[in-house]
Amino acid sequence: MATQTKKYGDKMNWDLSAMYSGSEDPKLTKDLKALQVAAANIELKHKGKLAKYNAKQLRSFFIDNDKFTDKLYRLDAFSELAVSRNSADQQALVLSQKLKLAIADLSSHFIFIDIELAKHPKLKELEKSKELAPFNIYIENILKFKKHLLKHDQEDIINKLSVTARDGWDKLGEQNFSKATQLFRGKLLTKEQLFNLVRSEDRQTRKDAANAYSELLNKNIDLNVHIYNMLLLNKFQEDKLRKYNYPEESRHLANGVTESSVDLMVELAKQNVGDVQRFYRIKRKLLKLKDLYYYDRLAEVSLKNAKVQKYNYSEAVEMVQQSFLGFDPEFASIFLDLVNSNRIDAEVRKGKRGGGFCMYMPKDIKPYILVNFFGSPRDIQTLAHEAGHAIHDTLATKKLPLSVAHPPLSLAEVSSIFGEMIMFESLLKKAKTREQKIVLLVERLDDILATIFRQIAYYIFEKKAHNQLREKGALTEVQLKEYWQEAQKATYGDSVKVDDDFGNWWSYISHFYSSPFYVYAYSMANLLVFAIYKKYKDGDPNFVEKYKSFLALGGTKTTSEAVQQFGFDLEDPNFWKQGFAVVTDLIDQLEALC
């Protein structure tokens, strides 16, 4: 595939020049100054008047605000991307800190908006106004969060202190982890490189890699326990001020879901952990092990006639593009355009942020994707996952203003997981032997169980940590280990041995620091995708156009409202059972092949 290597092999790094030439581009300073003027003008023009505006006047205000948001977003996005690709880039780090402080100052000009709108005597009436479409969701959110808003001075203080409080602690942990390395068999490896080795076919390699990974986490555990305590305490203090009744309430409101629907999902997951344990017992037999340890969970299964193939980046691009083309030509076109315009950073290197993400952008700039590509089929599915996000963003920003284009977390993961499903089906169809199908099913189930059940275990850990801090004060390393192990053992039962070396692995989950209770959105989105994908496989008429219309809703609907397009009700146990039934079916398929 030499032609493919030539075609895509040099397209593994970002080109950020669509925004700025670099972290010292004079245009950055010029744009920041222009934003400071624009923010002051918006405040001068609208402050003290919003509570009296009619629908037409509010629409004009929202348009002004959205133009500002668009310009601010590209500044902030450039800074985040520059640090993500190289945490040792001092110019990027200086710019990032400068922008964080500037954004806090800029945001102070807009604190009046929610406070004044919340006092509007006709707010409920405005929520249904056709003239305000698609900004109605903004009004709906004001109504939801109205009782949690503080006085202007209080909001301003929280906003300004966030740079040195919540955001500052989170950034410290992220930068520390990005630069962290650990000696492994004579070589200094990054966190991502070590984690990749935990999936090795060779058990001694993955055991040694897991031990090295634990050592890396343990070296940083005092700092991370302190950071996590500071973030837990910060959230507790703010929640008290805003009169939230429980730690995850603000996340549920932001996602547009009820506490009862999330609790229902979690309860049904607990009832279905038998499937998790059944899968790992099957995997233990396939690996020919007496016991399956935590470092064996993600091991690649190697069978005769089914050796795990490694792919180069060009092959991966071709495979994702072809799988999307089989679903919808526009999906394939959007993805290939990202590749050709160097919007995907796939290279593995020291200092680069771990994991993967898709950075949403203003509509005149394509999204940016970060992955760490090692060449496995799982990496190809990760590429399809992040490409699904980019497709969602592209379709949503076609017609929607930036401020309402991005969906809540519980919907944002639907497009990405759907992209994975398309890619998985394509890989499974190409499998020529029973063994190849087994390997693919094991790998897919590894990811599904991680996305549904493991994320729910994370959610249970988070709830315990937040509640315990609120009841008993700062948490110790020992306590956090205990909560983590407790949640893991409840999921794995006796199918996976979870020993003390696994105790500090909670500390590498970035969402615990940056986005409390983000994790359950993965579970929710995966189960939703299974229900949607079943409609697709069952031949639902005009499914592709219906699905694209669903993505094009962006953030204009809550999760509960958006899923009604497919006839789903998050409060109905039968909806969730559909998703868990798909997991059961896949494990049944694997068991039958074994």
# chains A, B, ... in the order shown; residues from 1 in each chain; ligands from 1
$ residues_around --residues "segment 481-487 of chain A" --least-positions-apart "2" --cutoff "10 Å" --atoms "only C-alpha atoms" --output "PyMOL selection string"
chain A and resi 454+456-465+468+476-479+489-492+498-507
$ write_last_selection --atoms "N, CA and C atoms" --output "compact mmCIF listing (two decimals), in the first residue's frame"
# COMPACT_ATOMS: atom_id res chain seq x y z
N ARG A 454 -17.86 0.15 32.95
CA ARG A 454 -16.74 0.74 33.66
C ARG A 454 -17.00 2.22 33.95
N ILE A 456 -19.88 3.55 34.47
CA ILE A 456 -20.83 3.60 35.58
C ILE A 456 -20.11 3.33 36.90
N ALA A 457 -19.12 2.43 36.87
CA ALA A 457 -18.30 2.22 38.08
C ALA A 457 -17.56 3.50 38.44
N TYR A 458 -17.08 4.22 37.41
CA TYR A 458 -16.42 5.51 37.65
C TYR A 458 -17.41 6.49 38.29
N TYR A 459 -18.63 6.49 37.78
CA TYR A 459 -19.67 7.40 38.29
C TYR A 459 -19.97 7.10 39.76
N ILE A 460 -20.03 5.82 40.09
CA ILE A 460 -20.29 5.41 41.48
C ILE A 460 -19.13 5.85 42.37
N PHE A 461 -17.89 5.69 41.87
CA PHE A 461 -16.71 6.16 42.62
C PHE A 461 -16.79 7.66 42.86
N GLU A 462 -17.11 8.41 41.81
CA GLU A 462 -17.20 9.87 41.93
C GLU A 462 -18.24 10.29 42.96
N LYS A 463 -19.42 9.68 42.90
CA LYS A 463 -20.47 10.03 43.85
C LYS A 463 -19.99 9.79 45.28
N LYS A 464 -19.31 8.67 45.48
CA LYS A 464 -18.82 8.33 46.82
C LYS A 464 -17.78 9.37 47.27
N ALA A 465 -16.86 9.73 46.38
CA ALA A 465 -15.82 10.67 46.74
C ALA A 465 -16.40 12.04 47.08
N GLN A 468 -18.49 11.81 50.38
CA GLN A 468 -17.67 11.59 51.57
C GLN A 468 -16.90 12.85 51.97
N THR A 476 -8.21 10.90 51.98
CA THR A 476 -6.83 10.42 51.94
C THR A 476 -6.64 9.48 50.76
N GLU A 477 -5.38 9.19 50.47
CA GLU A 477 -5.08 8.22 49.42
C GLU A 477 -5.74 6.88 49.73
N VAL A 478 -5.70 6.48 50.98
CA VAL A 478 -6.28 5.19 51.39
C VAL A 478 -7.79 5.16 51.13
N GLN A 479 -8.47 6.24 51.47
CA GLN A 479 -9.92 6.29 51.25
C GLN A 479 -10.26 6.22 49.76
N LYS A 489 -14.71 -3.91 42.11
CA LYS A 489 -15.07 -5.28 42.50
C LYS A 489 -16.56 -5.54 42.35
N ALA A 490 -17.38 -4.51 42.55
CA ALA A 490 -18.82 -4.68 42.37
C ALA A 490 -19.15 -4.98 40.91
N THR A 491 -18.33 -4.49 40.00
CA THR A 491 -18.54 -4.73 38.57
C THR A 491 -17.97 -6.07 38.14
N TYR A 492 -16.74 -6.37 38.54
CA TYR A 492 -16.05 -7.56 38.04
C TYR A 492 -16.34 -8.83 38.85
N VAL A 498 -8.65 -7.93 41.33
CA VAL A 498 -8.28 -6.52 41.48
C VAL A 498 -7.48 -6.39 42.77
N ASP A 499 -6.14 -6.28 42.65
CA ASP A 499 -5.31 -6.23 43.85
C ASP A 499 -4.91 -4.79 44.17
N ASP A 500 -4.08 -4.63 45.20
CA ASP A 500 -3.72 -3.30 45.70
C ASP A 500 -2.98 -2.45 44.67
N ASP A 501 -2.25 -3.09 43.75
CA ASP A 501 -1.50 -2.33 42.75
C ASP A 501 -2.42 -1.50 41.85
N PHE A 502 -3.69 -1.89 41.81
CA PHE A 502 -4.66 -1.19 40.95
C PHE A 502 -5.30 -0.01 41.68
N GLY A 503 -4.99 0.12 42.96
CA GLY A 503 -5.71 1.05 43.83
C GLY A 503 -5.64 2.52 43.45
N ASN A 504 -4.53 2.95 42.85
CA ASN A 504 -4.40 4.37 42.51
C ASN A 504 -4.71 4.67 41.04
N TRP A 505 -5.28 3.72 40.34
CA TRP A 505 -5.56 3.95 38.93
C TRP A 505 -6.72 4.92 38.71
N TRP A 506 -7.44 5.27 39.76
CA TRP A 506 -8.47 6.30 39.64
C TRP A 506 -7.84 7.62 39.21
N SER A 507 -6.56 7.82 39.58
CA SER A 507 -5.94 9.13 39.44
C SER A 507 -5.59 9.49 38.00
$ closest_atom_pairs --of "segment 196-244 of chain A" --to "segment 371-395 of chain A" --cutoff "12 Å" --atoms "only C-alpha atoms" --output "tab-separated table"
residue	atom	partner	partner_atom	distance
A:Asn196	CA	A:Phe374	CA	8.1
A:Leu197	CA	A:Phe374	CA	10.4
A:Arg199	CA	A:Ser376	CA	10.4
A:Ser200	CA	A:Ser376	CA	10.9
$ closest_residue --among "A:Ala180, A:Ala269, A:Ala104, A:Ile282" --to "Val496 of chain A" --atoms "only C-alpha atoms"
A:Ile282
$ residues_around --residues "Leu117 of chain A" --least-positions-apart "3" --cutoff "12 Å" --atoms "only C-alpha atoms" --output "number ranges by chain"
A: 46-55, 58, 61-62, 110-114, 120-124, 126-127, 138-143, 145-146, 149
$ residues_around --residues "segment 80-92 of chain A" --least-positions-apart "4" --cutoff "6 Å" --atoms "only C-alpha atoms" --output "PyMOL selection string"
chain A and resi 23+351-353
$ atom_distance --atom1 "atom CA of Gly539 of chain A" --atom2 "atom CA of Gln322 of chain A"
20.7 Å
$ residues_around --residues "segment 552-557 of chain A" --least-positions-apart "2" --cutoff "7 Å" --atoms "only C-alpha atoms" --output "ChimeraX atom specification"
/A:134,137,395-396,404-408,548-550,559,561-562
$ write_last_selection --atoms "all heavy atoms" --output "short mmCIF file (atom, residue, chain, number, x, y, z; two decimals), in the first residue's frame"
data_model
loop_
_atom_site.label_atom_id
_atom_site.label_comp_id
_atom_site.auth_asym_id
_atom_site.auth_seq_id
_atom_site.Cartn_x
_atom_site.Cartn_y
_atom_site.Cartn_z
N PRO A 134 -33.01 29.58 16.70
CA PRO A 134 -32.86 28.39 17.55
C PRO A 134 -32.35 28.69 18.97
O PRO A 134 -31.81 27.81 19.63
CB PRO A 134 -31.80 27.61 16.78
CG PRO A 134 -30.90 28.69 16.24
CD PRO A 134 -31.79 29.87 15.94
N ILE A 137 -33.40 27.26 23.35
CA ILE A 137 -32.76 26.39 24.34
C ILE A 137 -32.03 27.22 25.39
O ILE A 137 -31.94 26.82 26.55
CB ILE A 137 -31.79 25.39 23.66
CG1 ILE A 137 -31.30 24.32 24.66
CG2 ILE A 137 -30.62 26.10 23.02
CD1 ILE A 137 -32.37 23.38 25.13
N LEU A 395 -22.18 19.01 10.87
CA LEU A 395 -23.60 19.06 10.52
C LEU A 395 -24.35 20.07 11.38
O LEU A 395 -25.26 20.76 10.90
CB LEU A 395 -24.23 17.67 10.66
CG LEU A 395 -23.71 16.60 9.68
CD1 LEU A 395 -24.35 15.25 9.99
CD2 LEU A 395 -24.00 17.00 8.24
N ALA A 396 -23.98 20.17 12.66
CA ALA A 396 -24.68 21.08 13.57
C ALA A 396 -24.37 22.54 13.26
O ALA A 396 -25.25 23.40 13.35
CB ALA A 396 -24.33 20.76 15.01
N VAL A 404 -25.25 27.56 20.30
CA VAL A 404 -26.24 26.50 20.52
C VAL A 404 -25.95 25.26 19.66
O VAL A 404 -26.74 24.33 19.62
CB VAL A 404 -27.68 26.99 20.23
CG1 VAL A 404 -28.09 28.05 21.23
CG2 VAL A 404 -27.81 27.51 18.80
N ALA A 405 -24.81 25.24 18.99
CA ALA A 405 -24.51 24.14 18.07
C ALA A 405 -24.02 22.88 18.78
O ALA A 405 -24.21 21.77 18.29
CB ALA A 405 -23.47 24.58 17.05
N HIS A 406 -23.39 23.06 19.94
CA HIS A 406 -22.76 21.92 20.59
C HIS A 406 -23.74 21.22 21.53
O HIS A 406 -24.31 21.86 22.42
CB HIS A 406 -21.50 22.35 21.34
CG HIS A 406 -20.49 22.97 20.42
ND1 HIS A 406 -19.56 23.89 20.84
CD2 HIS A 406 -20.28 22.80 19.10
CE1 HIS A 406 -18.81 24.26 19.82
NE2 HIS A 406 -19.23 23.62 18.75
N PRO A 407 -23.92 19.91 21.37
CA PRO A 407 -24.90 19.18 22.18
C PRO A 407 -24.44 18.95 23.61
O PRO A 407 -23.23 19.05 23.89
CB PRO A 407 -25.02 17.83 21.44
CG PRO A 407 -23.66 17.66 20.80
CD PRO A 407 -23.22 19.04 20.42
N PRO A 408 -25.37 18.65 24.52
CA PRO A 408 -24.96 18.27 25.88
C PRO A 408 -24.15 16.98 25.83
O PRO A 408 -24.21 16.23 24.86
CB PRO A 408 -26.29 18.08 26.60
CG PRO A 408 -27.29 17.80 25.52
CD PRO A 408 -26.83 18.59 24.33
N LYS A 548 -29.15 12.13 10.42
CA LYS A 548 -28.43 13.38 10.15
C LYS A 548 -29.21 14.58 10.69
O LYS A 548 -28.62 15.55 11.17
CB LYS A 548 -28.17 13.52 8.65
CG LYS A 548 -27.10 12.56 8.14
CD LYS A 548 -27.06 12.44 6.64
CE LYS A 548 -26.46 13.64 5.99
NZ LYS A 548 -26.25 13.43 4.53
N SER A 549 -30.54 14.52 10.63
CA SER A 549 -31.36 15.58 11.20
C SER A 549 -31.20 15.63 12.71
O SER A 549 -31.18 16.70 13.32
CB SER A 549 -32.84 15.37 10.84
OG SER A 549 -33.04 15.47 9.45
N PHE A 550 -31.08 14.44 13.31
CA PHE A 550 -30.85 14.33 14.76
C PHE A 550 -29.53 15.01 15.13
O PHE A 550 -29.45 15.78 16.09
CB PHE A 550 -30.84 12.85 15.14
CG PHE A 550 -30.37 12.55 16.53
CD1 PHE A 550 -31.19 12.76 17.62
CD2 PHE A 550 -29.10 12.02 16.74
CE1 PHE A 550 -30.75 12.47 18.91
CE2 PHE A 550 -28.66 11.72 18.02
CZ PHE A 550 -29.49 11.95 19.11
N THR A 559 -31.38 16.26 26.00
CA THR A 559 -31.27 14.84 25.67
C THR A 559 -32.64 14.17 25.64
O THR A 559 -32.96 13.44 24.69
CB THR A 559 -30.37 14.12 26.69
OG1 THR A 559 -29.10 14.77 26.74
CG2 THR A 559 -30.17 12.66 26.33
N GLU A 561 -35.52 15.45 25.09
CA GLU A 561 -36.31 15.91 23.95
C GLU A 561 -35.78 15.34 22.64
O GLU A 561 -36.56 14.90 21.78
CB GLU A 561 -36.27 17.44 23.87
CG GLU A 561 -37.00 18.13 25.01
CD GLU A 561 -36.69 19.62 25.09
OE1 GLU A 561 -35.67 20.06 24.51
OE2 GLU A 561 -37.45 20.34 25.76
N ALA A 562 -34.45 15.33 22.46
CA ALA A 562 -33.85 14.89 21.20
C ALA A 562 -34.14 13.43 20.89
O ALA A 562 -34.43 13.08 19.75
CB ALA A 562 -32.34 15.13 21.24
#
$ residues_around --residues "segment 214-223 of chain A" --least-positions-apart "4" --cutoff "12 Å" --atoms "only C-alpha atoms" --output "number ranges by chain"
A: 169-170, 172-174, 176-184, 188-192, 194-195, 198, 206-210, 227-230, 294-295, 475-478, 480-481, 499-509
$ write_last_selection --atoms "N, CA and C atoms" --output "CSV table (one decimal), in the first residue's frame"
chain,number,residue,atom,x,y,z
A,169,TRP,N,-6.0,24.2,39.1
A,169,TRP,CA,-5.7,22.9,39.7
A,169,TRP,C,-5.8,21.8,38.6
A,170,ASP,N,-6.8,21.9,37.8
A,170,ASP,CA,-7.0,20.9,36.7
A,170,ASP,C,-5.8,21.0,35.7
A,172,LEU,N,-2.8,22.1,36.2
A,172,LEU,CA,-1.6,21.6,36.9
A,172,LEU,C,-1.5,20.0,36.7
A,173,GLY,N,-2.6,19.4,37.0
A,173,GLY,CA,-2.6,17.9,36.9
A,173,GLY,C,-2.4,17.4,35.5
A,174,GLU,N,-3.0,18.1,34.5
A,174,GLU,CA,-2.9,17.7,33.1
A,174,GLU,C,-1.5,17.9,32.6
A,176,ASN,N,1.3,18.0,34.4
A,176,ASN,CA,2.2,17.1,35.1
A,176,ASN,C,2.1,15.7,34.5
A,177,PHE,N,0.9,15.2,34.1
A,177,PHE,CA,0.7,13.9,33.6
A,177,PHE,C,1.3,13.9,32.1
A,178,SER,N,1.1,14.9,31.4
A,178,SER,CA,1.5,14.9,30.0
A,178,SER,C,3.1,14.8,29.9
A,179,LYS,N,3.8,15.3,30.9
A,179,LYS,CA,5.2,15.3,30.8
A,179,LYS,C,5.8,14.1,31.6
A,180,ALA,N,4.9,13.3,32.3
A,180,ALA,CA,5.4,12.2,33.1
A,180,ALA,C,5.9,11.1,32.3
A,181,THR,N,7.0,10.5,32.7
A,181,THR,CA,7.6,9.3,32.1
A,181,THR,C,8.0,8.3,33.1
A,182,GLN,N,8.1,7.1,32.7
A,182,GLN,CA,8.5,6.0,33.6
A,182,GLN,C,9.5,5.0,32.9
A,183,LEU,N,10.5,4.6,33.6
A,183,LEU,CA,11.5,3.7,33.0
A,183,LEU,C,10.8,2.3,32.9
A,184,PHE,N,10.9,1.8,31.6
A,184,PHE,CA,10.4,0.5,31.4
A,184,PHE,C,11.4,-0.3,30.5
A,188,LEU,N,12.6,5.3,28.7
A,188,LEU,CA,11.6,6.2,29.4
A,188,LEU,C,10.4,6.2,28.5
A,189,LEU,N,9.3,5.8,29.0
A,189,LEU,CA,8.0,5.8,28.2
A,189,LEU,C,7.0,6.8,28.8
A,190,THR,N,6.2,7.3,27.9
A,190,THR,CA,5.1,8.2,28.4
A,190,THR,C,3.9,7.3,29.0
A,191,LYS,N,3.0,8.0,29.6
A,191,LYS,CA,1.8,7.3,30.1
A,191,LYS,C,1.1,6.6,29.0
A,192,GLU,N,0.9,7.2,27.9
A,192,GLU,CA,0.2,6.6,26.8
A,192,GLU,C,0.9,5.3,26.2
A,194,LEU,N,3.0,3.4,27.9
A,194,LEU,CA,2.8,2.3,28.9
A,194,LEU,C,1.5,1.7,28.8
A,195,PHE,N,0.4,2.5,28.7
A,195,PHE,CA,-0.9,2.0,28.7
A,195,PHE,C,-1.2,1.1,27.5
A,198,VAL,N,0.0,-2.3,28.1
A,198,VAL,CA,-0.9,-3.1,29.0
A,198,VAL,C,-1.8,-4.0,28.1
A,206,ARG,N,2.6,-7.1,29.6
A,206,ARG,CA,1.5,-6.3,30.1
A,206,ARG,C,1.6,-6.2,31.6
A,207,LYS,N,2.0,-7.3,32.3
A,207,LYS,CA,2.1,-7.2,33.8
A,207,LYS,C,3.2,-6.2,34.2
A,208,ASP,N,4.4,-6.2,33.5
A,208,ASP,CA,5.4,-5.3,33.8
A,208,ASP,C,5.0,-3.9,33.4
A,209,ALA,N,4.3,-3.7,32.3
A,209,ALA,CA,3.8,-2.4,31.9
A,209,ALA,C,2.8,-1.8,32.9
A,210,ALA,N,1.9,-2.7,33.4
A,210,ALA,CA,1.0,-2.3,34.4
A,210,ALA,C,1.7,-1.9,35.7
A,227,ILE,N,-4.7,17.7,44.5
A,227,ILE,CA,-5.5,18.3,43.4
A,227,ILE,C,-7.0,17.9,43.4
A,228,TYR,N,-7.2,16.6,43.6
A,228,TYR,CA,-8.6,16.1,43.6
A,228,TYR,C,-9.4,16.7,44.8
A,229,ASN,N,-8.7,16.7,45.9
A,229,ASN,CA,-9.4,17.3,47.1
A,229,ASN,C,-9.7,18.7,46.9
A,230,MET,N,-8.8,19.5,46.3
A,230,MET,CA,-9.1,20.9,46.0
A,230,MET,C,-10.3,21.1,45.1
A,294,TYR,N,-6.4,-7.5,36.7
A,294,TYR,CA,-6.8,-6.3,36.1
A,294,TYR,C,-6.0,-5.9,34.9
A,295,TYR,N,-4.7,-6.3,34.9
A,295,TYR,CA,-3.8,-5.9,33.8
A,295,TYR,C,-4.1,-6.9,32.6
A,475,LEU,N,-10.2,13.9,51.7
A,475,LEU,CA,-10.0,12.4,51.6
A,475,LEU,C,-8.5,12.1,51.5
A,476,THR,N,-8.2,10.9,52.0
A,476,THR,CA,-6.8,10.4,51.9
A,476,THR,C,-6.6,9.5,50.8
A,477,GLU,N,-5.4,9.2,50.5
A,477,GLU,CA,-5.1,8.2,49.4
A,477,GLU,C,-5.7,6.9,49.7
A,478,VAL,N,-5.7,6.5,51.0
A,478,VAL,CA,-6.3,5.2,51.4
A,478,VAL,C,-7.8,5.2,51.1
A,480,LEU,N,-9.5,7.0,49.0
A,480,LEU,CA,-9.8,7.0,47.5
A,480,LEU,C,-9.5,5.6,46.9
A,481,LYS,N,-8.5,5.0,47.4
A,481,LYS,CA,-8.2,3.6,46.9
A,481,LYS,C,-9.4,2.7,47.3
A,499,ASP,N,-6.1,-6.3,42.6
A,499,ASP,CA,-5.3,-6.2,43.9
A,499,ASP,C,-4.9,-4.8,44.2
A,500,ASP,N,-4.1,-4.6,45.2
A,500,ASP,CA,-3.7,-3.3,45.7
A,500,ASP,C,-3.0,-2.5,44.7
A,501,ASP,N,-2.3,-3.1,43.8
A,501,ASP,CA,-1.5,-2.3,42.8
A,501,ASP,C,-2.4,-1.5,41.9
A,502,PHE,N,-3.7,-1.9,41.8
A,502,PHE,CA,-4.7,-1.2,41.0
A,502,PHE,C,-5.3,0.0,41.7
A,503,GLY,N,-5.0,0.1,43.0
A,503,GLY,CA,-5.7,1.1,43.8
A,503,GLY,C,-5.6,2.5,43.5
A,504,ASN,N,-4.5,2.9,42.8
A,504,ASN,CA,-4.4,4.4,42.5
A,504,ASN,C,-4.7,4.7,41.0
A,505,TRP,N,-5.3,3.7,40.3
A,505,TRP,CA,-5.6,3.9,38.9
A,505,TRP,C,-6.7,4.9,38.7
A,506,TRP,N,-7.4,5.3,39.8
A,506,TRP,CA,-8.5,6.3,39.6
A,506,TRP,C,-7.8,7.6,39.2
A,507,SER,N,-6.6,7.8,39.6
A,507,SER,CA,-5.9,9.1,39.4
A,507,SER,C,-5.6,9.5,38.0
A,508,TYR,N,-5.7,8.5,37.1
A,508,TYR,CA,-5.4,8.9,35.7
A,508,TYR,C,-6.7,9.3,34.9
A,509,ILE,N,-7.8,9.2,35.5
A,509,ILE,CA,-9.1,9.5,34.8
A,509,ILE,C,-9.2,11.0,34.8
$ residues_around --residues "segment 420-433 of chain A" --least-positions-apart "2" --cutoff "8 Å" --atoms "only C-alpha atoms" --output "count of residues only"
21
$ closest_residue --among "A:Arg251, A:Lys98, A:Arg59, A:Lys283" --to "Leu590 of chain A" --atoms "only C-alpha atoms"
A:Lys283
$ closest_residue --among "A:His148, A:His226, A:Asp31, A:Gly473" --to "Tyr244 of chain A" --atoms "only C-alpha atoms"
A:His148
$ atom_distance --atom1 "atom CA of Met265 of chain A" --atom2 "atom CA of Trp576 of chain A"
6.5 Å
$ select_by_dssp --residues "segment 92-292 of chain A" --states "alpha helix (DSSP H)" --output "PyMOL selection string"
chain A and resi 92-108+111-118+123-127+136-145+152-161+166-179+191-197+203-219+221-242+249-255+259-271+273-286
$ atom_distance --atom1 "atom CA of Phe517 of chain A" --atom2 "atom CA of Leu411 of chain A"
14.5 Å
$ select_by_dssp --residues "segment 154-252 of chain A" --states "strand (DSSP E)" --output "ChimeraX atom specification"
/A:181-184,187-190
$ closest_residue --among "A:Gly355, A:Gly326, A:Gly567, A:Gly419" --to "His511 of chain A" --atoms "only C-alpha atoms"
A:Gly355
$ closest_residue --among "A:Ser129, A:Asn340, A:Ser60, A:Ser495" --to "Asp291 of chain A" --atoms "only C-alpha atoms"
A:Ser495
